[in-house]
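Containing compact mmCIF, C-alpha atoms: coords_8.txt.
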# COMPACT_ATOMS: atom_id res chain seq x y z
CA MET M 281 68.69 -12.63 185.60
CA ASP M 282 70.69 -15.00 183.36
CA SER M 283 73.56 -13.42 181.51
CA TRP M 284 73.15 -13.14 177.74
CA THR M 285 75.77 -14.40 175.32
CA LEU M 286 75.86 -14.17 171.53
CA GLU M 287 76.95 -17.79 171.14
CA GLU M 288 73.96 -19.10 173.09
CA GLU M 289 71.56 -16.96 171.10
CA ILE M 290 72.95 -18.21 167.79
CA LEU M 291 72.67 -21.83 168.93
CA ARG M 292 69.11 -21.20 170.11
CA SER M 293 68.17 -19.81 166.69
CA ILE M 294 69.74 -22.76 164.87
CA ARG M 295 67.84 -25.23 167.05
CA GLN M 296 64.64 -23.82 165.58
CA TRP M 297 65.31 -25.83 162.39
CA TYR M 298 61.62 -26.43 161.81
CA PHE M 299 61.09 -22.68 161.55
CA ILE M 300 63.98 -22.39 159.07
CA LEU M 301 62.69 -25.33 157.03
CA GLY M 302 59.20 -23.83 156.98
CA LEU M 303 60.47 -20.54 155.58
CA ILE M 304 62.47 -22.35 152.92
CA ILE M 305 59.47 -24.46 151.88
CA LEU M 306 57.20 -21.43 151.91
CA GLY M 307 59.65 -19.51 149.74
CA ALA M 308 60.00 -22.42 147.28
CA ILE M 309 56.22 -22.80 146.96
CA SER M 310 55.83 -19.04 146.49
CA GLY M 311 58.47 -18.97 143.76
CA TYR M 312 56.88 -21.95 142.03
CA LEU M 313 53.41 -20.35 142.08
CA ILE M 314 54.75 -17.00 140.87
CA SER M 315 56.30 -18.74 137.84
CA TYR M 316 52.77 -19.73 136.78
CA ALA M 317 51.11 -16.46 137.76
CA LEU M 318 53.81 -14.42 135.99
CA PRO M 319 55.43 -16.84 133.54
CA ALA M 320 58.86 -15.93 132.15
CA PRO M 321 59.09 -15.48 128.37
CA TYR M 322 60.49 -18.13 126.07
CA ARG M 323 63.65 -17.57 124.07
CA ALA M 324 63.91 -19.24 120.65
CA SER M 325 67.41 -19.33 119.14
CA ALA M 326 68.34 -19.98 115.51
CA ASP M 327 71.91 -20.41 114.25
CA LEU M 328 73.29 -18.85 111.09
CA TYR M 329 76.82 -19.43 109.82
CA VAL M 330 78.47 -16.32 108.39
CA GLY M 331 81.94 -16.48 106.85
CA ILE M 332 84.01 -14.41 104.46
CA ASP M 333 86.67 -15.34 101.95
CA VAL M 334 89.38 -12.68 102.13
CA VAL M 335 91.74 -14.32 99.63
CA ARG M 336 90.81 -11.54 97.22
CA VAL M 337 88.70 -8.66 98.46
CA ASN M 338 87.22 -5.84 96.45
CA GLU M 339 89.65 -3.05 95.65
CA MET M 340 89.73 -0.74 98.68
CA GLU M 341 89.91 2.55 96.78
CA PHE M 342 86.62 1.79 95.00
CA LEU M 343 84.84 0.79 98.24
CA ILE M 344 85.46 3.97 100.23
CA ARG M 345 82.41 5.63 98.70
CA ILE M 346 80.20 2.85 100.09
CA ALA M 347 82.01 2.21 103.38
CA LYS M 348 82.02 5.93 104.29
CA THR M 349 85.31 5.40 106.14
CA GLU M 350 88.33 3.87 104.46
CA PRO M 351 89.03 0.18 105.27
CA LEU M 352 92.69 0.28 106.28
CA ASN M 353 93.39 -3.46 106.17
CA LEU M 354 91.78 -6.87 105.74
CA ASP M 355 90.52 -6.94 109.35
CA ASP M 356 88.79 -3.60 108.88
CA TYR M 357 87.30 -4.83 105.62
CA LYS M 358 86.10 -8.09 107.22
CA ASN M 359 84.55 -6.29 110.22
CA TRP M 360 82.81 -3.81 107.93
CA GLN M 361 81.36 -6.64 105.84
CA LEU M 362 80.13 -8.51 108.93
CA LYS M 363 78.54 -5.30 110.26
CA GLN M 364 76.78 -4.96 106.89
CA VAL M 365 75.35 -8.49 107.24
CA SER M 366 74.17 -7.74 110.78
CA ASP M 367 72.49 -4.51 109.66
CA VAL M 368 70.74 -6.23 106.75
CA ILE M 369 69.24 -8.88 109.04
CA LYS M 370 67.69 -6.11 111.17
CA LEU M 371 66.48 -3.94 108.27
CA ASP M 372 62.84 -2.80 108.35
CA LEU M 373 62.45 -4.50 104.98
CA VAL M 374 63.49 -7.85 106.49
CA LEU M 375 61.34 -7.42 109.61
CA ASP M 376 58.28 -6.41 107.57
CA GLU M 377 58.70 -9.43 105.31
CA THR M 378 59.13 -11.63 108.40
CA LEU M 379 55.90 -10.35 109.93
CA LYS M 380 54.11 -10.88 106.63
CA LYS M 381 55.05 -14.57 106.78
CA LEU M 382 54.14 -14.83 110.47
CA ARG M 383 50.70 -13.30 109.95
CA GLY M 384 49.92 -16.12 107.58
CA LEU M 385 50.78 -18.61 110.32
CA ASP M 386 49.02 -17.19 113.40
CA PRO M 387 46.51 -14.31 114.00
CA TYR M 388 48.58 -13.23 117.01
CA TRP M 389 51.06 -11.50 114.71
CA LEU M 390 48.40 -9.29 113.13
CA ASP M 391 48.64 -6.88 116.07
CA VAL M 392 52.46 -6.91 116.23
CA SER M 393 54.18 -3.95 114.56
CA SER M 394 57.70 -3.87 113.20
CA ASN M 395 58.86 -1.83 116.19
CA ASP M 396 57.28 -4.32 118.61
CA PHE M 397 58.95 -7.21 116.81
CA ARG M 398 62.30 -5.39 116.78
CA LYS M 399 62.15 -5.05 120.58
CA SER M 400 61.70 -8.81 120.95
CA ILE M 401 64.67 -9.85 118.79
CA ASP M 402 68.41 -9.78 119.13
CA ILE M 403 71.44 -11.06 117.24
CA TYR M 404 74.68 -12.19 118.85
CA TRP M 405 77.92 -12.30 116.90
CA TYR M 406 81.57 -11.50 117.48
CA ASP M 407 83.34 -12.62 114.33
CA THR M 408 82.88 -15.03 111.46
CA GLY M 409 81.33 -18.32 112.50
CA ILE M 410 78.01 -19.22 114.13
CA TRP M 411 75.71 -16.25 114.71
CA ARG M 412 72.71 -16.59 117.01
CA LEU M 413 69.33 -15.01 116.23
CA GLU M 414 67.01 -14.84 119.25
CA VAL M 415 63.30 -14.05 119.60
CA LEU M 416 61.49 -13.59 122.93
CA ASN M 417 57.79 -14.32 123.42
CA SER M 418 55.53 -15.36 126.26
CA ASP M 419 54.34 -18.33 124.17
CA ARG M 420 56.77 -21.11 123.29
CA ASP M 421 55.31 -21.85 119.84
CA LEU M 422 55.15 -18.16 118.90
CA ALA M 423 58.78 -17.64 119.91
CA GLU M 424 59.79 -20.58 117.70
CA GLN M 425 57.68 -19.27 114.82
CA GLY M 426 59.29 -15.83 115.09
CA ALA M 427 62.85 -17.14 115.15
CA GLN M 428 62.33 -19.49 112.21
CA ALA M 429 60.60 -16.87 110.07
CA TRP M 430 63.26 -14.26 110.89
CA LEU M 431 66.05 -16.69 110.06
CA ASP M 432 64.44 -17.72 106.75
CA THR M 433 63.71 -14.15 105.68
CA GLY M 434 67.13 -12.84 106.68
CA HIS M 435 68.84 -15.65 104.78
CA GLU M 436 66.68 -15.05 101.69
CA LYS M 437 67.30 -11.30 101.61
CA ILE M 438 71.04 -11.56 102.15
CA SER M 439 71.22 -14.24 99.45
CA GLU M 440 69.44 -11.87 97.05
CA TYR M 441 71.94 -9.11 97.80
CA LEU M 442 74.81 -11.52 97.34
CA ILE M 443 73.53 -12.39 93.86
CA ILE M 444 73.60 -8.69 93.04
CA SER M 445 77.09 -8.44 94.51
CA GLU M 446 78.23 -11.09 92.01
CA LYS M 447 77.65 -8.47 89.33
CA ALA M 448 79.81 -6.03 91.29
CA PHE M 449 82.42 -8.77 91.63
CA LEU M 450 82.61 -9.21 87.85
CA ILE M 451 82.84 -5.45 87.30
CA ASP M 452 85.53 -5.34 89.95
CA SER M 453 87.52 -7.91 87.97
CA ASP M 454 87.36 -5.62 84.93
CA LEU M 455 88.49 -2.71 87.10
CA GLN M 456 91.44 -4.76 88.31
CA ILE M 457 92.50 -5.46 84.72
CA LEU M 458 92.15 -1.78 83.82
CA LYS M 459 94.12 -0.78 86.88
CA ASP M 460 97.01 -3.05 85.90
CA LEU M 461 96.98 -1.78 82.31
CA ILE M 462 96.91 1.86 83.43
CA SER M 463 99.74 1.19 85.86
CA ARG M 464 101.84 -0.35 83.08
CA GLN M 465 101.24 2.59 80.75
CA LYS M 466 102.18 5.05 83.49
CA SER M 467 105.38 3.10 84.17
CA GLN M 468 106.13 3.21 80.45
CA ILE M 469 105.59 6.97 80.38
CA ASN M 470 107.76 7.54 83.46
CA LEU M 471 110.55 5.37 82.03
CA THR M 472 110.68 7.06 78.61
CA GLU M 473 110.35 10.50 80.17
CA ALA M 474 113.30 9.77 82.46
CA PHE M 475 115.29 8.53 79.45
CA LEU M 476 114.56 11.66 77.43
CA ASP M 477 115.60 13.91 80.32
CA SER M 478 118.86 12.11 81.07
CA SER M 479 119.74 11.59 77.39
CA GLN M 480 119.70 15.35 76.90
CA GLU M 481 122.74 15.54 79.15
CA TRP M 482 124.55 13.00 76.96
CA LEU M 483 123.77 15.03 73.86
CA SER M 484 125.39 18.01 75.55
CA THR M 485 128.38 15.83 76.40
CA PHE M 486 128.71 14.68 72.79
CA ASP M 487 128.51 18.28 71.57
CA SER M 488 131.47 19.14 73.79
CA LEU M 489 133.63 16.46 72.14
CA HIS M 490 135.28 16.50 68.73
CA GLN M 491 132.93 14.74 66.34
CA GLY M 492 135.70 12.92 64.50
CA GLU M 493 137.31 11.44 67.62
CA VAL M 494 136.67 8.18 69.45
CA ILE M 495 134.92 8.44 72.82
CA PRO M 496 137.39 8.04 75.71
CA GLY M 497 137.22 4.62 77.41
CA GLU M 498 136.19 5.96 80.83
CA LEU M 499 133.34 8.01 79.34
CA LEU M 500 132.29 5.04 77.21
CA ASP M 501 132.03 2.83 80.31
CA GLU M 502 129.84 5.47 81.94
CA LEU M 503 127.63 5.60 78.82
CA GLU M 504 127.15 1.83 78.77
CA SER M 505 126.27 1.81 82.49
CA TRP M 506 123.64 4.46 81.81
CA ILE M 507 122.21 2.44 78.90
CA LEU M 508 121.97 -0.66 81.12
CA VAL M 509 119.51 1.17 83.39
CA TYR M 510 117.03 1.30 80.50
CA ARG M 511 117.42 -2.36 79.51
CA THR M 512 116.59 -4.11 82.80
CA ARG M 513 112.77 -4.02 82.53
CA GLY M 514 111.83 -6.71 80.05
CA ASP M 515 108.11 -5.85 80.25
CA LEU M 516 108.67 -2.15 79.43
CA TRP M 517 110.39 -0.12 76.73
CA GLN M 518 114.12 -0.76 76.28
CA VAL M 519 116.78 1.32 74.58
CA PRO M 520 117.11 0.04 70.98
CA MET M 521 120.64 -1.37 70.49
CA GLY M 522 120.40 -2.52 66.86
CA GLU M 523 122.42 0.43 65.55
CA TYR M 524 124.60 0.97 68.60
CA PRO M 525 128.14 2.00 67.47
CA THR M 526 131.27 -0.08 68.10
CA ASN M 527 133.99 1.13 70.45
CA ASP M 528 136.22 2.30 67.58
CA GLN M 529 133.58 4.51 65.98
CA THR M 530 133.59 8.26 66.48
CA VAL M 531 131.35 10.56 68.52
CA GLU M 532 129.08 11.44 65.60
CA PHE M 533 127.94 7.80 65.32
CA TYR M 534 127.00 7.76 69.02
CA GLN M 535 125.17 11.05 68.66
CA SER M 536 123.23 9.70 65.66
CA TRP M 537 122.35 6.53 67.55
CA LEU M 538 121.15 8.54 70.56
CA ASP M 539 118.97 10.76 68.37
CA GLY M 540 117.32 7.64 66.99
CA ALA M 541 116.82 6.19 70.49
CA ARG M 542 115.25 9.47 71.68
CA LEU M 543 112.87 9.44 68.71
CA ASP M 544 111.85 5.87 69.57
CA ALA M 545 111.32 6.80 73.24
CA GLN M 546 109.28 9.85 72.29
CA THR M 547 107.05 7.72 70.04
CA VAL M 548 106.50 5.14 72.78
CA MET M 549 105.75 7.85 75.37
CA THR M 550 103.17 9.47 73.08
CA GLU M 551 101.47 6.14 72.37
CA SER M 552 101.47 5.20 76.07
CA THR M 553 99.95 8.57 76.99
CA ILE M 554 97.13 8.04 74.49
CA GLN M 555 96.53 4.47 75.73
CA SER M 556 96.57 5.60 79.35
CA ASP M 557 93.97 8.30 78.69
CA LEU M 558 91.72 5.82 76.88
CA LEU M 559 92.00 3.28 79.70
CA ILE M 560 91.23 5.91 82.34
CA LEU M 561 88.19 6.99 80.32
CA GLU M 562 87.00 3.38 80.12
CA ARG M 563 87.52 2.95 83.88
CA ASP M 564 85.56 6.15 84.62
CA GLU M 565 82.68 4.81 82.51
CA ILE M 566 82.63 1.53 84.45
CA LEU M 567 82.93 2.99 87.97
CA PRO M 568 79.33 4.36 88.16
CA LYS M 569 77.99 0.89 87.26
CA TYR M 570 80.23 -0.61 89.94
CA HIS M 571 79.07 1.85 92.59
CA GLN M 572 75.43 1.27 91.62
CA ALA M 573 75.90 -2.49 91.97
CA LEU M 574 77.49 -1.95 95.39
CA ASN M 575 74.58 0.27 96.44
CA ASP M 576 72.03 -2.29 95.25
CA SER M 577 73.84 -5.04 97.17
CA LEU M 578 74.13 -2.78 100.24
CA GLY M 579 77.90 -3.09 99.98
CA LEU M 580 77.87 -6.84 100.66
CA SER M 581 80.73 -8.73 99.09
CA ALA M 582 80.30 -11.80 96.91
CA ASN M 583 82.99 -13.35 99.12
CA ILE M 584 80.52 -13.71 102.02
CA VAL M 585 79.58 -17.30 102.87
CA LEU M 586 76.12 -17.86 104.35
CA GLU M 587 74.67 -21.14 105.65
CA MET M 588 71.66 -21.94 107.83
CA ASN M 589 71.82 -24.54 110.56
CA SER M 590 69.45 -27.34 109.55
CA SER M 591 68.97 -28.59 113.14
CA LYS M 592 65.87 -27.79 115.18
CA LEU M 593 65.64 -24.41 116.90
CA ASP M 594 66.58 -24.19 120.56
CA VAL M 595 63.66 -22.96 122.69
CA THR M 596 64.10 -22.38 126.43
CA GLN M 597 62.25 -20.46 129.12
CA LEU M 598 64.29 -17.64 130.62
CA ARG M 599 63.31 -18.71 134.16
CA SER M 600 61.79 -22.16 134.64
CA PRO M 601 59.43 -22.98 137.58
CA SER M 602 62.22 -24.96 139.24
CA THR M 603 64.55 -21.98 138.98
CA ASN M 604 61.90 -19.75 140.58
CA ALA M 605 61.37 -22.34 143.31
CA ILE M 606 65.09 -22.42 144.13
CA ALA M 607 65.18 -18.62 144.15
CA GLY M 608 62.14 -18.55 146.44
CA ALA M 609 63.81 -21.02 148.83
CA GLY M 610 66.87 -18.77 148.85
CA PHE M 611 64.71 -15.78 149.75
CA GLY M 612 63.09 -17.85 152.54
CA LEU M 613 66.50 -18.67 153.99
CA LEU M 614 67.56 -15.04 153.64
CA GLY M 615 64.39 -13.99 155.45
CA TRP M 616 65.27 -16.25 158.37
CA LEU M 617 68.81 -14.84 158.54
CA VAL M 618 67.46 -11.28 158.65
CA PHE M 619 64.95 -12.25 161.32
CA ALA M 620 67.65 -13.99 163.41
CA VAL M 621 70.01 -11.01 163.19
CA LEU M 622 67.26 -8.59 164.21
CA ARG M 623 66.26 -10.77 167.16
CA ILE M 624 69.84 -11.20 168.40
CA THR M 625 70.50 -7.47 168.03
CA GLY M 626 67.33 -6.63 169.91
CA LYS M 627 68.14 -8.94 172.83
CA LYS M 628 71.65 -7.60 173.03
CA ASP M 629 70.30 -4.03 173.32
CA VAL M 630 67.91 -5.08 176.08
CA GLN M 631 70.69 -6.86 178.00
CA ASN M 632 72.85 -3.78 177.81

Using the file provided, produce a representation of the structure as structure tokens.
Amino acid sequence: MDSWTLEEEILRSIRQWYFILGLIILGAISGYLISYALPAPYRASADLYVGIDVVRVNEMEFLIRIAKTEPLNLDDYKNWQLKQVSDVIKLDLVLDETLKKLRGLDPYWLDVSSNDFRKSIDIYWYDTGIWRLEVLNSDRDLAEQGAQAWLDTGHEKISEYLIISEKAFLIDSDLQILKDLISRQKSQINLTEAFLDSSQEWLSTFDSLHQGEVIPGELLDELESWILVYRTRGDLWQVPMGEYPTNDQTVEFYQSWLDGARLDAQTVMTESTIQSDLLILERDEILPKYHQALNDSLGLSANIVLEMNSSKLDVTQLRSPSTNAIAGAGFGLLGWLVFAVLRITGKKDVQN
């Protein structure tokens, strides 16, 4: 009996090229026929540009109530806003309105529920820029209808919310002004309060000196350095210097001047406290309107930029007949390889 070698068996299998070619052709034909018996769904894609202007965002402390978690920086704020846009596009309200439009175009959509439609859609986005809305359907025209209607409805609804957010934007501007005014009044209060506290020490120092004597030069330099601290903020209260004594005047003149300055500081502090309370009250009256506007706009910022792509929708079949044919040919070739390995293994066992 002839001896068996693996090399000869492999060469013998390869020489049967007609058998290999037949399997490949059979696989290609099978894949092609399957693509018509079980056609792959069509995917319609629509592009939507979403951007955000972060030059001036809404004040973070007022947004926490809507955002649930505090935006820590501009990136967090941007990502939260983009997530809001994505959620709005997939709202039941948007999908129901989309189906309402579709049912006026084709009877097919009459039997499609919101849940069914939700399962056939998807949205792809990573950051600002071009977002892709996709709809799957076994019919090419229906897939295109679904994508276009979803894009139109989503754009309309978000645009409506952005109009509402303009109102929140205007209220936010008023809140910014109030915040600055409140901050200034608080700075004024802190400054005059610090002056009143530290000036009390100087009154004690003056009491310890002889009233009819001139203040020593070293102590006078220290007094003038202290006064300078309360004359550096041009936008806030400053120590009045109109009646400030000359260097050759006695302690009693300095004490009288300081009493007058303290009275002026006390008056300013009282007025600033009243103004601050009024401004805080005004802010607290505005905040509920601001939060309501944010709720009505679903937290969307007026800084969001939204544009639809005017070009025609992209509609492709997930697996074309040619793709199925190539896959079938690959399976045919794989079938031959399995068959060849089994045959070679079997002959080797018999030889042994």

Taking into account all atoms listed in the file, which residue in the set M:Ala429, M:Ile401, M:Val509, M:Leu379 is nearest to M:Leu471?
->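 Answer, going by the shortest atom-to-atom distance: M:Val509.
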
Best match for closeness to M:Glu414 among M:Ser552, M:Ser488, M:Ser453, M:Thr596, counting all atoms listed in the file =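 Ranking M:Ser552, M:Ser488, M:Ser453, M:Thr596 by distance to M:Glu414, first place goes to M:Thr596.
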
Shell of 12 Å around stretch 393-397 of chain M, all atoms listed in the file, local chain residues under 5 positions omitted, as an MDAnalysis selection string = chainID M and resid 370:380 382:383 388 402 414:417 422:423 426:427 429:430

Please provide as a ChimeraX atom specification all residues within 12 Å of M:Ser463, with the sequence filter that same-chain residues fewer than 2 positions apart are discarded (counting all atoms listed in the file).
-> /M:455-461,465-470,516,552-553,555-557,559-560

M:Trp517, M:Pro387, M:Leu578, M:Ala448: which is nearest M:Ile369, counting all atoms listed in the file?
->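 The answer is M:Leu578, which sits nearest to M:Ile369.
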
Counting all atoms listed in the file, which of M:Glu502, M:Asp454, M:Asp327, M:Glu565 gets nearest to M:Gln428?
->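 Of the candidates, the smallest distance to M:Gln428 is held by M:Asp327.
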
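One distance worth recording is that between atom CA of M:Tyr570 and atom CA of M:Trp360, which is 18.5 Å.
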
One residue among M:Ala324, M:Ile495, M:Leu442, M:Val621 is nearest to M:Asn583 when using all atoms listed in the file, and that residue is M:Leu442

Two-atom distance - atom CA of M:Asp487, atom CA of M:Thr550 (Å) =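 Result for atom CA of M:Asp487 versus atom CA of M:Thr550: 26.9 Å, one decimal.
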
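If only C-alpha atoms are the atoms counted, then among M:Trp411, M:Pro520, M:Ile606, M:Leu561 the closest residue to M:Leu543 is M:Pro520.
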
Interatomic distance between atom CA of M:Leu538 and atom CA of M:Gly514?
-> 20.2 Å

May I have the residues within 12 Å of M:Trp405 as a list in words, using only C-alpha atoms and disregarding those fewer than 6 positions away in the same chain?
->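 That gives Asp327, Leu328, Tyr329, Val330, Gly331, Asn359, Leu362, Lys363, Val365, Ser366, Asp367, Trp411, Arg412, Leu413 and Glu414 of chain M.
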
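If you count all atoms listed in the file and ignore residues fewer than 5 places along the chain from M:Gln546, what sits within 8 Å of it is Thr472, Glu473 and Leu476 of chain M.
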
Quick one: write out the picked residues with C-alpha atoms as a compact mmCIF listing (two decimals), in the frame of the given file?
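To be explicit, this is the file written out as selection31.txt:
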# COMPACT_ATOMS: atom_id res chain seq x y z
CA THR M 472 110.68 7.06 78.61
CA GLU M 473 110.35 10.50 80.17
CA LEU M 476 114.56 11.66 77.43
